[in-house]
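> This is the content of run-v3.tsv (TSV, C-alpha atoms):
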```tsv
chain	number	residue	atom	x	y	z
A	1	MET	CA	2.33	3.60	-48.41
A	2	PRO	CA	3.93	3.95	-51.87
A	3	THR	CA	7.51	2.80	-52.15
A	4	PRO	CA	10.02	5.66	-52.21
A	5	THR	CA	11.68	5.89	-55.58
A	6	TYR	CA	14.20	8.73	-55.34
A	7	VAL	CA	16.10	7.87	-52.18
A	8	PRO	CA	19.00	9.76	-50.59
A	9	LEU	CA	21.80	7.28	-49.98
A	10	ALA	CA	24.61	9.50	-48.69
A	11	ASN	CA	25.09	13.16	-47.96
A	12	VAL	CA	28.51	14.53	-47.07
A	13	THR	CA	29.83	18.00	-46.25
A	14	LEU	CA	33.58	18.19	-45.85
A	15	THR	CA	34.87	19.57	-42.57
A	16	SER	CA	38.45	19.25	-43.72
A	17	THR	CA	40.04	19.28	-47.14
A	18	ALA	CA	40.14	16.04	-49.12
A	19	SER	CA	41.69	15.03	-52.38
A	20	SER	CA	39.16	12.25	-52.98
A	21	VAL	CA	35.69	11.31	-51.86
A	22	TYR	CA	34.53	7.72	-52.15
A	23	PHE	CA	31.09	6.16	-52.06
A	24	SER	CA	31.58	2.49	-51.32
A	25	SER	CA	29.38	-0.57	-50.89
A	26	ILE	CA	26.66	1.13	-52.92
A	27	SER	CA	23.32	-0.61	-52.54
A	28	GLN	CA	22.33	-2.74	-55.52
A	29	SER	CA	18.65	-2.17	-54.84
A	30	TYR	CA	18.10	0.62	-57.40
A	31	ARG	CA	18.10	1.02	-61.16
A	32	HIS	CA	19.84	4.41	-61.49
A	33	LEU	CA	22.01	6.66	-59.37
A	34	VAL	CA	22.38	10.43	-59.18
A	35	LEU	CA	25.46	12.11	-57.72
A	36	VAL	CA	25.47	15.82	-56.99
A	37	VAL	CA	28.88	17.41	-56.34
A	38	ALA	CA	29.28	21.01	-55.24
A	39	PRO	CA	32.96	21.87	-54.59
A	40	SER	CA	33.52	24.85	-52.33
A	41	SER	CA	35.07	28.11	-53.39
A	42	THR	CA	38.52	26.91	-52.37
A	43	SER	CA	38.39	23.79	-54.48
A	44	ASP	CA	40.69	23.56	-57.43
A	45	THR	CA	41.06	22.67	-61.05
A	46	PHE	CA	39.56	19.67	-62.75
A	47	LEU	CA	36.98	17.22	-61.44
A	48	TYR	CA	37.39	13.53	-62.13
A	49	LEU	CA	35.23	10.46	-61.57
A	50	GLN	CA	36.02	6.77	-61.50
A	51	MET	CA	33.92	3.72	-60.72
A	52	ASN	CA	34.85	0.46	-59.01
A	53	GLY	CA	38.48	1.49	-58.84
A	54	ILE	CA	38.80	0.86	-62.57
A	55	GLY	CA	41.47	2.85	-64.35
A	56	GLY	CA	43.56	2.09	-67.41
A	57	SER	CA	41.89	2.90	-70.71
A	58	SER	CA	38.38	1.91	-69.72
A	59	TYR	CA	36.66	5.29	-70.00
A	60	THR	CA	35.42	7.09	-73.07
A	61	TRP	CA	33.63	10.42	-72.85
A	62	GLY	CA	32.65	13.50	-74.80
A	63	SER	CA	31.37	16.86	-73.66
A	64	MET	CA	30.30	20.23	-74.97
A	65	MET	CA	30.69	23.56	-73.24
A	66	GLY	CA	29.69	27.16	-73.61
A	67	ASP	CA	31.18	29.99	-71.57
A	68	GLY	CA	29.72	33.07	-73.14
A	69	SER	CA	32.76	33.63	-75.29
A	70	GLY	CA	32.51	30.49	-77.35
A	71	THR	CA	31.58	26.85	-77.54
A	72	TYR	CA	33.98	23.98	-77.13
A	73	VAL	CA	34.07	20.22	-77.31
A	74	ASN	CA	36.26	17.83	-75.36
A	75	GLN	CA	36.60	14.09	-75.60
A	76	ASN	CA	38.79	11.15	-74.82
A	77	MET	CA	38.17	7.69	-76.18
A	78	SER	CA	40.63	5.79	-74.03
A	79	THR	CA	41.43	7.12	-70.62
A	80	GLU	CA	41.38	6.33	-66.93
A	81	THR	CA	38.61	8.64	-65.79
A	82	PHE	CA	35.59	10.75	-66.69
A	83	ASP	CA	36.56	14.42	-66.81
A	84	LEU	CA	33.53	16.20	-65.38
A	85	VAL	CA	35.37	19.50	-65.62
A	86	PRO	CA	37.79	18.87	-68.45
A	87	ASN	CA	39.44	22.20	-68.93
A	88	VAL	CA	40.95	25.08	-67.09
A	89	GLY	CA	38.80	27.36	-65.03
A	90	GLY	CA	38.41	25.06	-62.09
A	91	ALA	CA	35.65	23.32	-60.25
A	92	ALA	CA	35.26	25.91	-57.50
A	93	ASN	CA	31.64	26.79	-56.76
A	94	ALA	CA	30.46	24.51	-59.53
A	95	ILE	CA	27.44	22.25	-59.32
A	96	CYS	CA	27.90	18.95	-61.07
A	97	THR	CA	25.07	16.43	-61.42
A	98	VAL	CA	26.01	12.99	-62.66
A	99	ASN	CA	23.45	10.42	-63.76
A	100	PHE	CA	24.36	6.73	-63.73
A	101	PHE	CA	22.04	4.54	-65.80
A	102	ASP	CA	21.29	0.86	-65.13
A	103	TYR	CA	24.27	0.74	-62.81
A	104	THR	CA	23.55	-2.81	-61.63
A	105	ALA	CA	23.00	-4.29	-65.10
A	106	THR	CA	25.55	-6.96	-66.00
A	107	ASN	CA	24.66	-7.13	-69.69
A	108	LYS	CA	25.80	-3.66	-70.72
A	109	ASN	CA	28.68	-1.26	-70.30
A	110	LYS	CA	28.01	1.58	-67.91
A	111	ALA	CA	26.66	4.84	-69.31
A	112	ILE	CA	26.64	8.17	-67.54
A	113	THR	CA	25.67	11.72	-68.39
A	114	TRP	CA	26.53	14.84	-66.48
A	115	ARG	CA	25.97	18.52	-66.32
A	116	THR	CA	28.42	20.92	-64.71
A	117	ASP	CA	27.54	24.56	-64.18
A	118	ARG	CA	30.28	26.97	-63.10
A	119	PRO	CA	29.51	30.55	-62.16
A	120	SER	CA	32.38	32.08	-64.10
A	121	ASN	CA	33.50	29.45	-66.55
A	122	GLY	CA	30.44	28.16	-68.34
A	123	THR	CA	28.14	25.19	-68.62
A	124	ILE	CA	29.15	21.67	-69.59
A	125	GLN	CA	27.08	18.71	-70.74
A	126	GLY	CA	28.83	15.38	-71.04
A	127	ALA	CA	28.25	11.71	-71.67
A	128	GLY	CA	30.47	8.72	-71.35
A	129	THR	CA	30.93	4.99	-71.08
A	130	LEU	CA	32.88	2.85	-68.66
A	131	THR	CA	33.63	-0.40	-70.47
A	132	THR	CA	32.67	-2.79	-67.76
A	133	THR	CA	29.62	-5.00	-67.48
A	134	GLY	CA	30.12	-5.28	-63.75
A	135	ALA	CA	27.65	-3.67	-61.39
A	136	ILE	CA	28.82	-0.40	-59.92
A	137	THR	CA	29.61	-0.67	-56.22
A	138	GLN	CA	31.98	2.26	-55.74
A	139	ILE	CA	32.25	5.81	-57.02
A	140	ARG	CA	35.25	8.05	-56.53
A	141	VAL	CA	35.43	11.77	-57.28
A	142	TRP	CA	38.67	13.65	-56.94
A	143	GLU	CA	40.66	16.72	-57.82
A	144	TYR	CA	43.63	16.81	-60.12
A	145	GLY	CA	47.16	16.10	-58.86
A	146	THR	CA	47.78	17.51	-55.40
A	147	ASN	CA	44.68	19.71	-55.42
A	148	VAL	CA	41.88	19.21	-52.93
A	149	PHE	CA	38.21	19.75	-52.32
A	150	GLY	CA	37.81	22.63	-49.91
A	151	ILE	CA	36.00	22.69	-46.59
A	152	GLY	CA	32.29	22.94	-47.17
A	153	SER	CA	32.28	20.94	-50.39
A	154	THR	CA	29.16	18.77	-50.56
A	155	PHE	CA	28.49	15.40	-52.14
A	156	ALA	CA	25.08	13.72	-52.31
A	157	LEU	CA	24.24	10.31	-53.74
A	158	TYR	CA	20.69	9.20	-54.58
A	159	GLY	CA	19.23	5.90	-55.72
A	160	ILE	CA	16.33	5.75	-58.17
A	161	ALA	CA	14.25	2.61	-58.18
A	162	GLY	CA	12.63	1.21	-61.28
B	1	MET	CA	42.31	10.40	-48.33
B	2	PRO	CA	39.02	9.88	-46.58
B	3	ASN	CA	36.79	7.02	-47.57
B	4	ILE	CA	33.42	8.47	-46.80
B	5	GLY	CA	31.80	5.10	-47.13
B	6	PHE	CA	28.20	4.55	-47.82
B	7	TRP	CA	25.10	4.22	-45.80
B	8	ALA	CA	21.44	3.80	-46.66
B	9	THR	CA	18.84	6.44	-45.95
B	10	SER	CA	17.33	6.17	-42.53
B	11	GLY	CA	13.88	7.04	-43.85
B	12	GLY	CA	13.27	9.35	-40.92
B	13	GLY	CA	10.85	8.75	-38.09
B	14	ALA	CA	7.59	10.10	-39.46
B	15	SER	CA	5.82	8.74	-42.52
B	16	TYR	CA	5.91	10.74	-45.72
B	17	ALA	CA	4.39	10.52	-49.15
B	18	PRO	CA	6.92	10.00	-51.94
B	19	SER	CA	6.64	12.51	-54.75
B	20	PHE	CA	8.87	10.79	-57.33
B	21	GLU	CA	7.38	7.43	-58.24
B	22	HIS	CA	8.30	4.73	-60.69
B	23	ILE	CA	5.46	4.04	-63.12
B	24	ALA	CA	6.87	1.51	-65.60
B	25	THR	CA	10.01	0.18	-67.28
B	26	VAL	CA	9.93	-1.15	-70.83
B	27	SER	CA	12.84	-2.89	-72.54
B	28	GLY	CA	13.71	-3.39	-76.17
B	29	THR	CA	12.79	-6.70	-77.77
B	30	ASP	CA	15.28	-6.97	-80.67
B	31	SER	CA	12.21	-6.88	-82.90
B	32	SER	CA	10.65	-3.42	-82.83
B	33	GLY	CA	11.87	0.03	-83.72
B	34	THR	CA	9.52	1.70	-81.26
B	35	ILE	CA	9.42	1.47	-77.50
B	36	SER	CA	6.12	2.69	-76.07
B	37	LEU	CA	5.16	3.84	-72.62
B	38	THR	CA	1.39	3.49	-72.50
B	39	SER	CA	-1.54	3.97	-70.13
B	40	ILE	CA	0.23	6.81	-68.37
B	41	PRO	CA	-1.83	7.71	-65.31
B	42	SER	CA	-3.10	11.23	-64.81
B	43	THR	CA	-2.22	11.33	-61.12
B	44	TYR	CA	1.07	13.23	-61.43
B	45	LYS	CA	2.14	16.75	-62.22
B	46	HIS	CA	5.23	16.01	-64.34
B	47	LEU	CA	6.90	13.05	-66.01
B	48	GLN	CA	10.49	11.95	-66.41
B	49	VAL	CA	11.92	9.20	-68.60
B	50	ARG	CA	15.40	7.77	-67.99
B	51	PHE	CA	16.66	5.61	-70.81
B	52	THR	CA	19.51	3.59	-72.16
B	53	GLY	CA	19.45	2.62	-75.80
B	54	ARG	CA	21.10	0.59	-78.52
B	55	THR	CA	19.96	-0.73	-81.87
B	56	THR	CA	20.79	-4.06	-83.49
B	57	ALA	CA	21.14	-2.34	-86.86
B	58	ASN	CA	24.46	-2.24	-88.70
B	59	THR	CA	25.23	1.39	-88.01
B	60	SER	CA	27.46	3.57	-85.88
B	61	GLY	CA	24.36	5.36	-84.67
B	62	TYR	CA	20.80	6.38	-85.48
B	63	GLN	CA	18.67	9.33	-84.50
B	64	MET	CA	15.80	8.89	-82.05
B	65	TYR	CA	12.32	10.34	-82.44
B	66	ILE	CA	9.78	11.09	-79.73
B	67	ARG	CA	6.01	11.28	-80.13
B	68	ALA	CA	3.08	11.61	-77.77
B	69	ASN	CA	-0.31	9.86	-77.88
B	70	SER	CA	0.59	8.15	-81.18
B	71	ASP	CA	0.18	11.47	-82.96
B	72	THR	CA	1.98	11.20	-86.30
B	73	ALA	CA	0.84	14.56	-87.66
B	74	SER	CA	3.16	17.54	-88.03
B	75	ASN	CA	2.49	18.81	-84.54
B	76	TYR	CA	6.03	18.78	-83.20
B	77	SER	CA	9.04	21.03	-83.06
B	78	SER	CA	12.46	20.39	-81.60
B	79	HIS	CA	15.54	22.55	-81.23
B	80	VAL	CA	18.89	21.20	-80.16
B	81	LEU	CA	22.31	22.22	-79.00
B	82	ARG	CA	24.54	19.34	-80.03
B	83	ARG	CA	27.97	18.01	-80.67
B	84	ASN	CA	28.20	15.35	-83.31
B	85	GLY	CA	31.65	13.87	-83.43
B	86	THR	CA	34.59	16.23	-83.20
B	87	SER	CA	33.19	19.00	-85.35
B	88	GLY	CA	32.22	21.34	-82.54
B	89	VAL	CA	28.96	22.55	-81.05
B	90	THR	CA	26.16	23.27	-83.49
B	91	ALA	CA	22.44	23.89	-83.46
B	92	ALA	CA	19.56	22.32	-85.36
B	93	TYR	CA	15.80	22.31	-85.40
B	94	ASN	CA	12.88	20.36	-86.81
B	95	LEU	CA	9.26	21.24	-87.46
B	96	THR	CA	7.74	17.92	-88.35
B	97	SER	CA	5.86	14.83	-87.23
B	98	TYR	CA	8.17	14.01	-84.31
B	99	MET	CA	10.71	15.51	-81.93
B	100	ASN	CA	14.19	14.59	-83.09
B	101	SER	CA	17.44	14.02	-81.24
B	102	ASN	CA	19.20	15.50	-84.27
B	103	VAL	CA	22.30	13.48	-83.50
B	104	GLU	CA	23.04	9.83	-84.26
B	105	LEU	CA	22.49	9.14	-80.59
B	106	ILE	CA	21.65	5.44	-80.50
B	107	PRO	CA	24.65	3.18	-81.22
B	108	GLY	CA	24.39	0.09	-83.41
B	109	SER	CA	26.44	-2.99	-84.13
B	110	GLN	CA	29.41	-1.03	-85.49
B	111	GLU	CA	29.93	0.26	-81.97
B	112	THR	CA	31.75	-1.78	-79.34
B	113	ALA	CA	29.46	-4.43	-77.93
B	114	SER	CA	27.20	-3.53	-75.03
B	115	ILE	CA	27.77	0.20	-75.24
B	116	VAL	CA	24.54	2.17	-74.92
B	117	ALA	CA	23.45	5.75	-75.18
B	118	ALA	CA	21.78	7.28	-72.14
B	119	GLY	CA	19.55	10.22	-71.40
B	120	ILE	CA	16.77	11.89	-69.50
B	121	VAL	CA	13.56	13.33	-70.89
B	122	ASP	CA	11.48	15.71	-68.76
B	123	ILE	CA	7.89	16.61	-69.53
B	124	LEU	CA	6.35	19.28	-67.37
B	125	ASP	CA	2.59	19.66	-66.87
B	126	TYR	CA	1.93	16.64	-69.05
B	127	LYS	CA	-1.79	16.49	-68.30
B	128	GLU	CA	-2.63	20.18	-68.51
B	129	THR	CA	-5.34	20.84	-71.08
B	130	SER	CA	-4.66	24.57	-71.18
B	131	LYS	CA	-1.22	24.41	-72.77
B	132	PHE	CA	0.91	22.66	-75.36
B	133	LYS	CA	3.40	20.14	-74.03
B	134	THR	CA	7.07	20.99	-73.62
B	135	PHE	CA	9.78	18.34	-73.56
B	136	ARG	CA	13.38	18.63	-72.48
B	137	MET	CA	16.11	16.04	-73.12
B	138	SER	CA	19.74	15.72	-72.13
B	139	ALA	CA	21.44	12.70	-73.66
B	140	GLY	CA	24.68	11.39	-75.04
B	141	MET	CA	26.86	8.45	-75.86
B	142	GLY	CA	30.51	7.70	-75.16
B	143	THR	CA	31.95	5.75	-78.07
B	144	LYS	CA	34.77	3.27	-78.43
B	145	TYR	CA	34.27	3.05	-82.19
B	146	THR	CA	35.72	6.28	-83.46
B	147	SER	CA	36.01	9.82	-82.20
B	148	SER	CA	33.80	11.02	-85.01
B	149	VAL	CA	30.73	9.52	-83.37
B	150	PHE	CA	30.78	11.14	-79.95
B	151	GLN	CA	27.26	12.38	-79.31
B	152	ASN	CA	25.94	15.01	-76.90
B	153	VAL	CA	22.58	16.68	-77.20
B	154	LEU	CA	20.38	19.11	-75.32
B	155	MET	CA	16.92	19.22	-76.85
B	156	GLY	CA	13.91	21.43	-76.25
B	157	GLY	CA	10.81	20.04	-77.87
B	158	ASN	CA	7.15	20.84	-78.19
B	159	TRP	CA	4.02	18.84	-78.96
B	160	ARG	CA	1.35	21.27	-80.09
B	161	SER	CA	-1.61	19.65	-78.41
B	162	THR	CA	-3.61	20.51	-75.33
B	163	SER	CA	-4.48	16.86	-74.76
B	164	ALA	CA	-3.18	15.16	-71.68
B	165	ILE	CA	-0.33	12.81	-72.49
B	166	THR	CA	-1.34	9.20	-72.07
B	167	SER	CA	1.44	7.52	-74.06
B	168	LEU	CA	4.95	8.17	-75.32
B	169	ASP	CA	6.71	6.54	-78.28
B	170	PHE	CA	10.48	6.43	-78.73
B	171	THR	CA	11.25	5.43	-82.31
B	172	LEU	CA	14.51	4.79	-84.11
B	173	TYR	CA	15.33	6.36	-87.46
B	174	ALA	CA	15.72	2.76	-88.68
B	175	GLY	CA	16.21	-0.72	-87.31
B	176	VAL	CA	15.03	-2.15	-84.01
B	177	TRP	CA	15.77	-1.52	-80.37
B	178	SER	CA	18.22	-3.94	-78.81
B	179	SER	CA	17.17	-5.81	-75.68
B	180	LEU	CA	19.87	-3.77	-73.92
B	181	SER	CA	17.56	-0.76	-74.22
B	182	THR	CA	15.45	0.27	-71.25
B	183	PHE	CA	13.03	3.15	-70.82
B	184	SER	CA	11.90	3.91	-67.26
B	185	LEU	CA	8.98	6.25	-66.67
B	186	TYR	CA	8.61	8.25	-63.45
B	187	GLY	CA	5.81	10.43	-62.20
B	188	ILE	CA	6.44	13.54	-60.13
B	189	LYS	CA	3.70	14.80	-57.90
B	190	GLY	CA	2.88	18.41	-57.25
B	191	GLU	CA	0.20	20.99	-56.70
```
Before anything else, please render the file you have as structure tokens.


Amino acid sequence: MPTPTYVPLANVTLTSTASSVYFSSISQSYRHLVLVVAPSSTSDTFLYLQMNGIGGSSYTWGSMMGDGSGTYVNQNMSTETFDLVPNVGGAANAICTVNFFDYTATNKNKAITWRTDRPSNGTIQGAGTLTTTGAITQIRVWEYGTNVFGIGSTFALYGIAG
Amino acid sequence: MPNIGFWATSGGGASYAPSFEHIATVSGTDSSGTISLTSIPSTYKHLQVRFTGRTTANTSGYQMYIRANSDTASNYSSHVLRRNGTSGVTAAYNLTSYMNSNVELIPGSQETASIVAAGIVDILDYKETSKFKTFRMSAGMGTKYTSSVFQNVLMGGNWRSTSAITSLDFTLYAGVWSSLSTFSLYGIKGE
């Protein structure tokens, strides 16, 4: 039988609110990862992502957005997180797909791209770099400040072999 | 805060046929400006390429071109929605002998070491002989060099040929692909 290539690794639906969701001890058996985040209608504000617990000034990212009224760019060259939803309007009812490339490679910094689609606040495409050559073993997504993901928010992680 | 933790897929009880299969991965060699995916089998419905890329050239970034079946004639068009640096979102198009990223997507030696661009290219109905071939790419690069070289691009491209795709070439505007570059080809099955 052919070897599965696009493999579901974790699938979570929140039954209580949470400020952060972690994926830990991620298998090193794949080449790429895909994370799909769908915050519920009661989720709030921005949507952030970190890897391996790394903060500081290790993240650089840029994104472009259109909301029907205009187009916008956002970026940060030296920050502690990827901003998957970088501006006001919130993450509620959004679908965010994050692609992690060569996440186990130890000879390159870690590159991601993402797309966030929000029903009332536009579409975002982003790309960024985490300046670490370490393999990715943990992913954290969280809301801003004291805000939380609402009940029913879903998070799915997939591994892609290659 | 909950730590959801991680667990591997159980795989289920019954057997199943995977529909997303890895075909090949090709890496840069520090010596060629083109990375080719060749001998693409005709057993799938769609194709997807996931790539990371960097050039050894002394540049902040170069554009990337895409061709099919080694066709170098003016049989391509590409339209992009892009941000190039901090100047806002703009559009561009090409009608020429390749599909074009239209942004300086692939970082070179002026960029912080080991930073790569990344992206996904989708090709639907790649073997259909009744239609031209449509490509879609989402790619970008997060820079540590300067804010003026942030790159994001959404590209729709077209190869005006009804031939089945048997090879793909990813070529730099100039210079050679670093060995940090990898292009992974996947086949997607379907009716």

> Kindly determine which residues of chain A lie within 7 Å of chain B, considering only C-alpha atoms, and give the answer as an MDAnalysis selection string.

chainID A and resid 2 4:10 18:26 60:64 71:73 77 101 107:109 111:113 126:129 161:162

> Kindly provide, as a ChimeraX atom specification, the polymer residues lying within 7 Å of (13.5, 17.9, -78.8), counting all atoms listed in the file and using the coordinates exactly as they appear in the file.

/B:77-80,99-101,135-137,155-157

> Between atom CA of A:Trp142 and atom CA of A:Phe82, what is the spacing in Å?

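Separation of atom CA of A:Phe82 and atom CA of A:Trp142: 10.6 Å.
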
> If you measure from atom CA of B:Ser109 to atom CA of B:Asp30, what distance in Å do you get, rounded to one decimal?

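For atom CA of B:Ser109 relative to atom CA of B:Asp30, the distance reads 12.3 Å.
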
> How many Å lie between atom CA of B:Ile188 and atom CA of B:Ile165, rounded to one decimal?

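So the answer is 14.1 Å.
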
> At a cut-off of 9 Å, using all atoms listed in the file, what residues contact A:Val12? Leave out same-chain residues fewer than 6 positions from it and give the result as an NGL selection string.

(:A and (153-157)) or (:B and (4))

> Those same residues - C-alpha atoms - I'd like them written as a compact mmCIF listing (two decimals), in the coordinates of the input.


```txt
# COMPACT_ATOMS: atom_id res chain seq x y z
CA SER A 153 32.28 20.94 -50.39
CA THR A 154 29.16 18.77 -50.56
CA PHE A 155 28.49 15.40 -52.14
CA ALA A 156 25.08 13.72 -52.31
CA LEU A 157 24.24 10.31 -53.74
CA ILE B 4 33.42 8.47 -46.80
```

> Give the answer as one residue: which of B:Ile66, B:Ala92, B:Ala57, B:Ile123 has the shortest atom-to-atom distance to B:Ser31, using only C-alpha atoms?

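Among the listed residues, the smallest separation from B:Ser31 belongs to B:Ala57.
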
> Env of stretch 44-55 of chain A: 10 Å cut, atoms = all atoms listed in the file, seq-sep filter 3 positions within chain, self excluded. Answer as a VMD selection string.

chain A and resid 19 to 25 37 39 to 41 58 to 59 79 to 94 96 98 110 116 130 to 132 134 to 150

> So, counting all atoms listed in the file, which residue among B:Gln63, B:Thr38, B:Gln48, B:Asn58 is closest to B:Thr171?

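Closest to B:Thr171, using all atoms listed in the file: B:Gln63.
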
> Skipping near chain neighbours, those fewer than 3 positions away, what residues fall within 7 Å of B:Arg67 using all atoms listed in the file, listed as number ranges by chain?

B: 70-71, 98-99, 168-170

> Nearest to B:Thr59 among B:Ser74, B:Ser161, B:Ser167, B:Gln110, with distances taken over only C-alpha atoms: which residue is it?

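Closest candidate: B:Gln110.
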